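Listing of run-v9.cif; format and content: mmCIF, C-alpha atoms and all ligand atoms.
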```cif
data_structure
loop_
_atom_site.label_atom_id
_atom_site.label_comp_id
_atom_site.auth_asym_id
_atom_site.auth_seq_id
_atom_site.Cartn_x
_atom_site.Cartn_y
_atom_site.Cartn_z
CA MET Q 1 -1.72 33.41 -0.32
CA THR Q 2 1.95 34.02 0.57
CA LYS Q 3 4.45 31.23 0.51
CA VAL Q 4 6.71 31.13 3.56
CA ASP Q 5 10.16 29.75 4.05
CA VAL Q 6 10.04 26.30 5.56
CA LYS Q 7 12.52 24.07 7.28
CA SER Q 8 10.99 21.60 9.64
CA SER Q 9 12.36 21.02 13.09
CA HIS Q 10 10.76 17.58 12.95
CA PRO Q 11 13.40 15.14 11.69
CA VAL Q 12 12.68 12.78 8.83
CA GLY Q 13 12.26 9.27 10.18
CA ARG Q 14 11.20 10.31 13.66
CA ASN Q 15 7.78 8.94 14.31
CA TYR Q 16 6.73 10.38 17.65
CA CYS Q 17 5.37 13.88 17.49
CA CYS Q 18 3.70 16.68 19.34
CA ALA Q 19 1.24 17.54 16.56
CA ASP Q 20 -0.85 14.87 14.85
CA LEU Q 21 -2.55 16.63 11.94
CA HIS Q 22 -4.44 13.71 10.41
CA ILE Q 23 -7.08 12.02 12.58
CA HIS Q 24 -10.46 10.52 11.60
CA SER Q 25 -13.45 10.45 13.95
CA THR Q 26 -16.89 8.82 13.95
CA TYR Q 27 -17.99 11.64 11.63
CA SER Q 28 -16.31 9.71 8.81
CA ASP Q 29 -14.77 6.25 9.07
CA GLY Q 30 -12.91 6.56 12.37
CA LEU Q 31 -13.93 4.50 15.38
CA LEU Q 32 -13.53 7.09 18.13
CA THR Q 33 -15.76 10.07 18.88
CA PRO Q 34 -14.15 13.51 19.21
CA SER Q 35 -14.21 13.24 23.04
CA GLU Q 36 -12.57 9.83 22.97
CA ILE Q 37 -9.90 11.18 20.61
CA ILE Q 38 -9.18 14.09 22.93
CA LYS Q 39 -8.84 11.72 25.89
CA VAL Q 40 -6.13 9.75 24.05
CA CYS Q 41 -4.41 12.94 22.85
CA LYS Q 42 -4.25 14.26 26.41
CA GLU Q 43 -2.67 11.02 27.61
CA LEU Q 44 -0.09 11.36 24.81
CA GLN Q 45 0.43 15.04 25.75
CA LEU Q 46 -0.03 16.17 22.17
CA LYS Q 47 0.09 19.92 21.72
CA ALA Q 48 -1.94 20.18 18.52
CA ILE Q 49 -4.20 17.97 16.44
CA ALA Q 50 -6.45 18.21 13.41
CA ILE Q 51 -9.63 16.22 12.88
CA THR Q 52 -9.56 15.48 9.16
CA ASP Q 53 -12.73 13.57 8.40
CA HIS Q 54 -13.45 12.56 4.81
CA ASP Q 55 -15.72 15.20 3.25
CA SER Q 56 -17.02 16.32 6.64
CA VAL Q 57 -16.30 19.03 9.19
CA SER Q 58 -19.08 17.90 11.53
CA GLY Q 59 -16.66 16.70 14.22
CA VAL Q 60 -14.58 19.87 14.45
CA GLU Q 61 -16.63 21.89 16.95
CA GLU Q 62 -17.19 18.89 19.20
CA THR Q 63 -13.42 18.28 19.24
CA ILE Q 64 -12.63 21.92 20.03
CA HIS Q 65 -15.19 21.79 22.84
CA ALA Q 66 -13.84 18.51 24.24
CA ALA Q 67 -10.27 19.84 24.20
CA GLN Q 68 -11.22 22.84 26.34
CA LYS Q 69 -8.13 24.70 25.16
CA SER Q 70 -5.78 22.01 26.54
CA ILE Q 71 -4.91 21.02 22.96
CA ASP Q 72 -4.78 23.26 19.90
CA VAL Q 73 -7.46 21.83 17.57
CA ILE Q 74 -7.07 22.88 13.95
CA PRO Q 75 -10.34 22.98 11.99
CA ALA Q 76 -9.76 20.71 9.01
CA VAL Q 77 -11.16 18.35 6.43
CA GLU Q 78 -9.85 15.64 4.07
CA MET Q 79 -11.54 16.27 0.75
CA SER Q 80 -11.99 13.69 -2.00
CA SER Q 81 -10.99 14.39 -5.57
CA ASN Q 82 -9.89 12.32 -8.51
CA ILE Q 83 -8.20 12.23 -11.89
CA GLY Q 84 -9.79 9.37 -13.74
CA VAL Q 85 -9.44 6.29 -11.58
CA LEU Q 86 -6.91 7.94 -9.27
CA ASP Q 87 -8.39 8.80 -5.89
CA ILE Q 88 -6.64 11.94 -4.60
CA HIS Q 89 -7.13 13.33 -1.09
CA ILE Q 90 -6.50 16.97 -0.25
CA LEU Q 91 -6.31 18.16 3.36
CA GLY Q 92 -7.71 21.59 4.13
CA TYR Q 93 -6.33 23.18 7.31
CA TYR Q 94 -7.98 26.17 9.00
CA ILE Q 95 -10.85 25.93 6.58
CA ASP Q 96 -13.81 28.10 7.61
CA ILE Q 97 -16.20 25.40 8.78
CA ARG Q 98 -19.11 27.86 8.83
CA ASN Q 99 -18.69 29.01 5.23
CA GLY Q 100 -22.10 28.48 3.59
CA GLU Q 101 -20.63 27.25 0.31
CA LEU Q 102 -18.43 24.72 2.11
CA VAL Q 103 -21.35 23.49 4.21
CA SER Q 104 -23.57 22.94 1.18
CA TYR Q 105 -20.71 21.40 -0.84
CA LEU Q 106 -20.13 18.86 1.95
CA GLU Q 107 -23.88 18.16 2.31
CA ASP Q 108 -24.00 17.38 -1.42
CA PHE Q 109 -20.90 15.24 -1.19
CA GLN Q 110 -22.26 13.24 1.74
CA GLN Q 111 -25.50 12.66 -0.18
CA HIS Q 112 -23.39 11.48 -3.11
CA ARG Q 113 -21.56 9.07 -0.79
CA ILE Q 114 -24.95 7.64 0.24
CA GLU Q 115 -25.97 7.07 -3.41
CA ARG Q 116 -22.55 5.55 -4.14
CA ALA Q 117 -22.84 3.14 -1.19
CA LYS Q 118 -26.31 2.14 -2.42
CA LYS Q 119 -24.88 1.38 -5.88
CA MET Q 120 -22.13 -0.81 -4.40
CA ILE Q 121 -24.68 -2.62 -2.22
CA GLU Q 122 -26.92 -3.20 -5.28
CA LYS Q 123 -24.01 -4.65 -7.28
CA LEU Q 124 -23.15 -6.94 -4.36
CA ALA Q 125 -26.81 -7.98 -4.07
CA ASP Q 126 -26.90 -8.91 -7.77
CA ASP Q 127 -24.24 -11.50 -6.94
CA GLY Q 128 -26.13 -12.81 -3.91
CA ILE Q 129 -24.21 -10.82 -1.29
CA LYS Q 130 -27.12 -9.35 0.61
CA LEU Q 131 -26.59 -6.34 2.86
CA ASP Q 132 -29.19 -4.07 4.43
CA PHE Q 133 -28.52 -0.46 3.40
CA ASN Q 134 -30.75 0.95 6.16
CA GLN Q 135 -28.84 -0.98 8.78
CA ILE Q 136 -25.51 0.31 7.41
CA LYS Q 137 -26.82 3.87 7.41
CA GLU Q 138 -28.14 3.50 10.95
CA ASN Q 139 -24.82 2.08 12.22
CA ALA Q 140 -22.90 4.90 10.55
CA LYS Q 141 -25.12 7.48 12.31
CA ASN Q 142 -24.12 10.94 11.04
CA ALA Q 143 -20.86 9.86 9.44
CA ALA Q 144 -19.89 10.56 5.85
CA LEU Q 145 -20.62 7.09 4.51
CA GLY Q 146 -17.68 5.16 3.09
CA ARG Q 147 -16.46 1.74 2.09
CA PRO Q 148 -15.35 0.87 5.66
CA HIS Q 149 -19.02 1.00 6.72
CA ILE Q 150 -19.89 -1.51 4.00
CA ALA Q 151 -16.88 -3.60 5.05
CA GLU Q 152 -18.27 -3.79 8.57
CA ALA Q 153 -21.63 -5.02 7.27
CA LEU Q 154 -19.80 -7.69 5.24
CA ILE Q 155 -18.19 -8.90 8.49
CA GLU Q 156 -21.46 -8.75 10.47
CA ASN Q 157 -23.21 -10.81 7.81
CA GLY Q 158 -20.47 -13.42 7.76
CA TYR Q 159 -19.17 -12.77 4.24
CA VAL Q 160 -15.63 -11.91 5.43
CA HIS Q 161 -13.60 -12.10 8.62
CA SER Q 162 -11.86 -8.73 8.53
CA ILE Q 163 -12.00 -5.25 7.05
CA ASN Q 164 -8.90 -6.02 5.05
CA GLU Q 165 -10.49 -9.15 3.56
CA ALA Q 166 -13.58 -7.07 2.69
CA PHE Q 167 -11.38 -4.64 0.74
CA ILE Q 168 -9.43 -7.39 -0.97
CA ARG Q 169 -12.48 -9.41 -2.02
CA TYR Q 170 -15.21 -6.83 -2.54
CA LEU Q 171 -14.38 -3.16 -2.06
CA GLY Q 172 -10.93 -2.42 -3.50
CA TYR Q 173 -10.34 -0.22 -6.54
CA HIS Q 174 -10.06 -3.23 -8.81
CA SER Q 175 -13.20 -4.98 -7.61
CA GLN Q 176 -16.22 -5.28 -9.92
CA TYR Q 177 -18.31 -3.94 -7.01
CA TYR Q 178 -16.23 -0.79 -6.59
CA GLU Q 179 -17.98 2.44 -7.42
CA PRO Q 180 -15.82 5.55 -7.91
CA LYS Q 181 -16.76 8.81 -6.26
CA LYS Q 182 -18.02 11.64 -8.46
CA ASN Q 183 -15.56 13.43 -10.70
CA ILE Q 184 -13.94 16.42 -9.03
CA HIS Q 185 -10.48 17.40 -10.16
CA PRO Q 186 -7.95 18.12 -7.36
CA LYS Q 187 -7.29 21.53 -8.93
CA GLN Q 188 -10.91 22.45 -8.20
CA VAL Q 189 -10.72 21.11 -4.65
CA ILE Q 190 -7.47 23.00 -4.00
CA GLN Q 191 -9.12 26.20 -5.22
CA ASN Q 192 -12.25 25.53 -3.15
CA ILE Q 193 -10.19 25.03 0.01
CA LYS Q 194 -8.42 28.35 -0.62
CA ASP Q 195 -11.71 30.11 -1.34
CA TRP Q 196 -13.06 28.80 1.95
CA GLY Q 197 -10.09 30.10 3.95
CA GLY Q 198 -8.11 26.89 4.20
CA VAL Q 199 -4.57 25.77 3.41
CA PRO Q 200 -4.60 22.93 0.84
CA VAL Q 201 -2.11 20.16 1.60
CA ILE Q 202 -1.55 17.04 -0.53
CA ALA Q 203 -2.49 14.07 1.65
CA HIS Q 204 -0.21 10.99 1.75
CA PRO Q 205 1.41 11.49 -1.71
CA GLY Q 206 2.99 8.06 -1.26
CA THR Q 207 -0.35 6.37 -1.83
CA ILE Q 208 -0.95 8.08 -5.18
CA HIS Q 209 0.90 6.07 -7.73
CA ARG Q 210 1.47 8.38 -10.65
CA GLU Q 211 4.77 9.86 -11.65
CA GLY Q 212 4.85 13.64 -11.43
CA LEU Q 213 1.52 14.00 -9.68
CA THR Q 214 2.92 15.76 -6.60
CA ASN Q 215 4.55 18.36 -8.85
CA GLN Q 216 1.32 18.73 -10.82
CA LEU Q 217 -0.66 19.36 -7.61
CA ILE Q 218 1.93 21.93 -6.52
CA MET Q 219 1.53 23.70 -9.88
CA GLU Q 220 -2.21 23.58 -9.31
CA GLY Q 221 -1.85 25.49 -6.06
CA ALA Q 222 -1.23 23.03 -3.21
CA ALA Q 223 0.40 24.95 -0.35
CA GLY Q 224 1.77 21.96 1.51
CA ILE Q 225 2.73 18.29 1.45
CA GLU Q 226 1.96 15.64 4.04
CA VAL Q 227 5.49 14.36 4.60
CA TRP Q 228 5.03 12.19 7.71
CA HIS Q 229 2.42 9.47 7.20
CA PRO Q 230 2.35 5.79 8.24
CA ASP Q 231 2.45 4.67 4.58
CA HIS Q 232 5.63 6.66 3.84
CA THR Q 233 9.04 5.03 4.02
CA GLN Q 234 11.93 7.05 5.40
CA SER Q 235 13.36 7.56 1.91
CA LEU Q 236 10.01 8.82 0.63
CA GLN Q 237 9.74 11.19 3.60
CA GLN Q 238 13.19 12.50 2.68
CA LYS Q 239 12.15 12.98 -0.95
CA LEU Q 240 8.91 14.77 -0.01
CA TYR Q 241 10.80 16.90 2.53
CA GLU Q 242 13.13 18.05 -0.22
CA ILE Q 243 10.28 18.76 -2.66
CA ALA Q 244 8.57 20.84 0.05
CA LEU Q 245 11.77 22.79 0.77
CA GLU Q 246 12.43 23.39 -2.92
CA ASN Q 247 8.94 24.73 -3.49
CA ARG Q 248 8.74 26.58 -0.16
CA LEU Q 249 5.72 24.58 0.95
CA VAL Q 250 4.62 23.72 4.45
CA MET Q 251 5.25 20.09 5.42
CA THR Q 252 2.74 18.37 7.64
CA GLY Q 253 2.36 14.97 9.26
CA GLY Q 254 -0.23 12.80 10.91
CA SER Q 255 -1.16 9.25 11.86
CA ASP Q 256 -4.28 9.01 9.64
CA TYR Q 257 -5.77 7.38 12.72
CA HIS Q 258 -9.01 5.48 12.10
CA GLY Q 259 -9.14 3.25 15.20
CA PHE Q 260 -8.96 -0.44 14.57
CA ARG Q 261 -10.24 -0.16 11.06
CA GLY Q 262 -7.30 -0.84 8.81
CA SER Q 263 -3.71 -0.29 9.83
CA TYR Q 264 -3.96 3.33 10.96
CA ASP Q 265 -4.33 2.39 14.57
CA GLN Q 266 -2.24 4.71 16.70
CA ILE Q 267 -2.74 8.39 17.39
CA GLY Q 268 0.60 10.21 17.39
CA LYS Q 269 2.30 7.45 15.38
CA CYS Q 270 3.27 10.09 12.81
CA GLY Q 271 3.11 13.83 13.00
CA CYS Q 272 5.02 17.05 12.91
CA SER Q 273 6.20 19.80 15.22
CA GLU Q 274 4.46 22.94 16.43
CA LYS Q 275 6.48 24.93 13.91
CA GLU Q 276 4.37 23.50 11.09
CA VAL Q 277 1.21 24.46 12.95
CA ILE Q 278 2.43 28.05 13.27
CA MET Q 279 3.26 28.02 9.57
CA LEU Q 280 -0.20 26.78 8.63
CA LYS Q 281 -1.67 29.58 10.73
CA GLU Q 282 0.54 32.12 8.96
CA ILE Q 283 -0.43 30.88 5.50
CA ALA Q 284 -4.11 30.86 6.46
CA GLY Q 285 -3.73 34.42 7.72
CA ILE Q 286 -4.89 33.61 11.25
P1 LIG J 1 -14.01 5.67 0.61
O1 LIG J 1 -13.72 7.07 1.03
O2 LIG J 1 -15.43 5.29 0.81
O3 LIG J 1 -13.51 5.37 -0.79
O4 LIG J 1 -13.19 4.72 1.59
C1 LIG J 1 -11.81 4.89 1.72
C2 LIG J 1 -11.35 4.56 3.14
O5 LIG J 1 -11.36 3.16 3.32
C3 LIG J 1 -9.92 4.98 3.43
O6 LIG J 1 -9.88 6.28 3.92
C4 LIG J 1 -9.48 4.01 4.47
O7 LIG J 1 -9.87 4.48 5.73
C5 LIG J 1 -10.31 2.79 4.20
N1 LIG J 1 -9.53 1.71 3.56
C6 LIG J 1 -9.09 1.64 2.30
N2 LIG J 1 -8.45 0.47 2.05
C7 LIG J 1 -8.50 -0.22 3.22
C8 LIG J 1 -8.03 -1.50 3.65
N3 LIG J 1 -7.38 -2.33 2.81
N4 LIG J 1 -8.29 -1.88 4.91
C9 LIG J 1 -8.95 -1.06 5.74
N5 LIG J 1 -9.42 0.14 5.41
C10 LIG J 1 -9.20 0.57 4.17
ZN ZN J 2 -10.70 6.72 5.87
FE FE J 3 -6.70 9.79 2.78
FE FE J 4 -7.22 10.11 6.07
#
```
Full structure transcribed into structure tokens:
Amino acid sequence: MTKVDVKSSHPVGRNYCCADLHIHSTYSDGLLTPSEIIKVCKELQLKAIAITDHDSVSGVEETIHAAQKSIDVIPAVEMSSNIGVLDIHILGYYIDIRNGELVSYLEDFQQHRIERAKKMIEKLADDGIKLDFNQIKENAKNAALGRPHIAEALIENGYVHSINEAFIRYLGYHSQYYEPKKNIHPKQVIQNIKDWGGVPVIAHPGTIHREGLTNQLIMEGAAGIEVWHPDHTQSLQQKLYEIALENRLVMTGGSDYHGFRGSYDQIGKCGCSEKEVIMLKEIAGI
């Protein structure tokens, strides 16, 4: 994979954008379906978007179909990985969503997410917090099951008043009910994304609190950094921008839109320019 020269035309600190490359749909823990997302994106006159569901590419084709060529839809995924207790997300742009290995990897991962949710629900039940797994699974339909789905059940059953309270009291990393996802090192995920035709980009480095990790992931083959993200301050954006320039990596941005779950509530809130999209295409060899 060739590394290209980068210099974004999207200024640090500017939050509106024409390309939102980080959006979740109902195929993971987002609240909007692909068609509903496209409707909003059209209103915002976005030029390009990427549906980046957690460990799922099931929403990509539906989004491409709904866009009917009016918006450039990048096939993508946000893959889970970890180093010990650190949860690390890697975005994979232009990944080949039909690759058999990818499809079976994601099927396995979604099954793992089901088992993990069951474990968390069992631990909660042991403490008298009773939730119905089948109901949660039914509500989630064909989504990759995650903690936000359990959070919703906690609200429905009157244990908490909000998703945030559910995370603070029951589902956060430090909770006794928290169950980590299976062990997959980011280096492996980065390699997998490359093997399956995608461009691996470090998602929201600002949320991973370990000194030197961004540099480690670059050494391990990451081809880009998500610079513009709602959790990044302007000074962090500047720092990430400089790291990307120094290492000749592509810099991406997105809103991490989930709907009204959590604080990622506005499509187009963060993003990048079309130049980054062209660059991703170049790196992917498309
Ligand atoms: P999981 O992939 O099952 O570990 O769930 C992680 C997801 O939960 C993240 O992608 C966020 O969408 C969501 N999340 C994490 N913390 C919070 C929070 N405090 N409030 C709302 N949503 C959250
Ligand atoms: Zn999420
Ligand atoms: Fe993420
Ligand atoms: Fe995300």
Inset, instruction - Check every protein, DNA and RNA residue against ligand ZN 2 (chain J), keep those with an atom at most 12 Å away (counting only C-alpha atoms and all ligand atoms), and present them as a PyMOL selection string. - result: chain Q and resi 22-31+51-56+77-80+89+143-149+203+255-265
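Using all atoms listed in the file, the nearest neighbour of Q:Glu246 within the list Q:Cys17, Q:Ile38, Q:Gly224, Q:His232 is Q:Gly224.
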Inset, instruction - Just give me the gap between atom CA of Q:Phe133 and atom CA of Q:Glu152 in Å, one decimal is fine. - result: 12.0 Å
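Atom pair atom CA of Q:Gly254 / atom CA of Q:Ala19 has a distance of 7.5 Å (rounded to one decimal).
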For stretch 186-195 of chain Q: contacts at 7 Å, all atoms listed in the file, fewer than 2 positions along chain excluded, given as a PDB file with C-alpha atoms, in the frame of the given file:
```
ATOM      1  CA  SER Q  81     -10.990  14.390  -5.570  1.00  0.00           C
ATOM      2  CA  ASN Q  82      -9.890  12.320  -8.510  1.00  0.00           C
ATOM      3  CA  ILE Q  88      -6.640  11.940  -4.600  1.00  0.00           C
ATOM      4  CA  GLY Q  92      -7.710  21.590   4.130  1.00  0.00           C
ATOM      5  CA  ILE Q  95     -10.850  25.930   6.580  1.00  0.00           C
ATOM      6  CA  ILE Q 184     -13.940  16.420  -9.030  1.00  0.00           C
ATOM      7  CA  GLY Q 197     -10.090  30.100   3.950  1.00  0.00           C
ATOM      8  CA  GLY Q 198      -8.110  26.890   4.200  1.00  0.00           C
ATOM      9  CA  VAL Q 199      -4.570  25.770   3.410  1.00  0.00           C
ATOM     10  CA  PRO Q 200      -4.600  22.930   0.840  1.00  0.00           C
ATOM     11  CA  GLU Q 220      -2.210  23.580  -9.310  1.00  0.00           C
ATOM     12  CA  GLY Q 221      -1.850  25.490  -6.060  1.00  0.00           C
ATOM     13  CA  ALA Q 222      -1.230  23.030  -3.210  1.00  0.00           C
TER      14      ALA Q 222
END
```
Inset, instruction - Could you tell me which of Q:Gln110, Q:Gln234, Q:Asn139, Q:Asn215 comes closest to ligand LIG 1 (chain J) if we count all atoms listed in the file? - result: Q:Gln110
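Remark: for ligand FE 4 (chain J), the closest of the candidate residues Q:Ile37, Q:Leu171, Q:Ala50, Q:Ala117 is Q:Ala50 (distances computed over only C-alpha atoms and all ligand atoms).
From atom CA of Q:His209 back to atom O3 of ligand LIG 1 (chain J), the distance works out to 16.0 Å.
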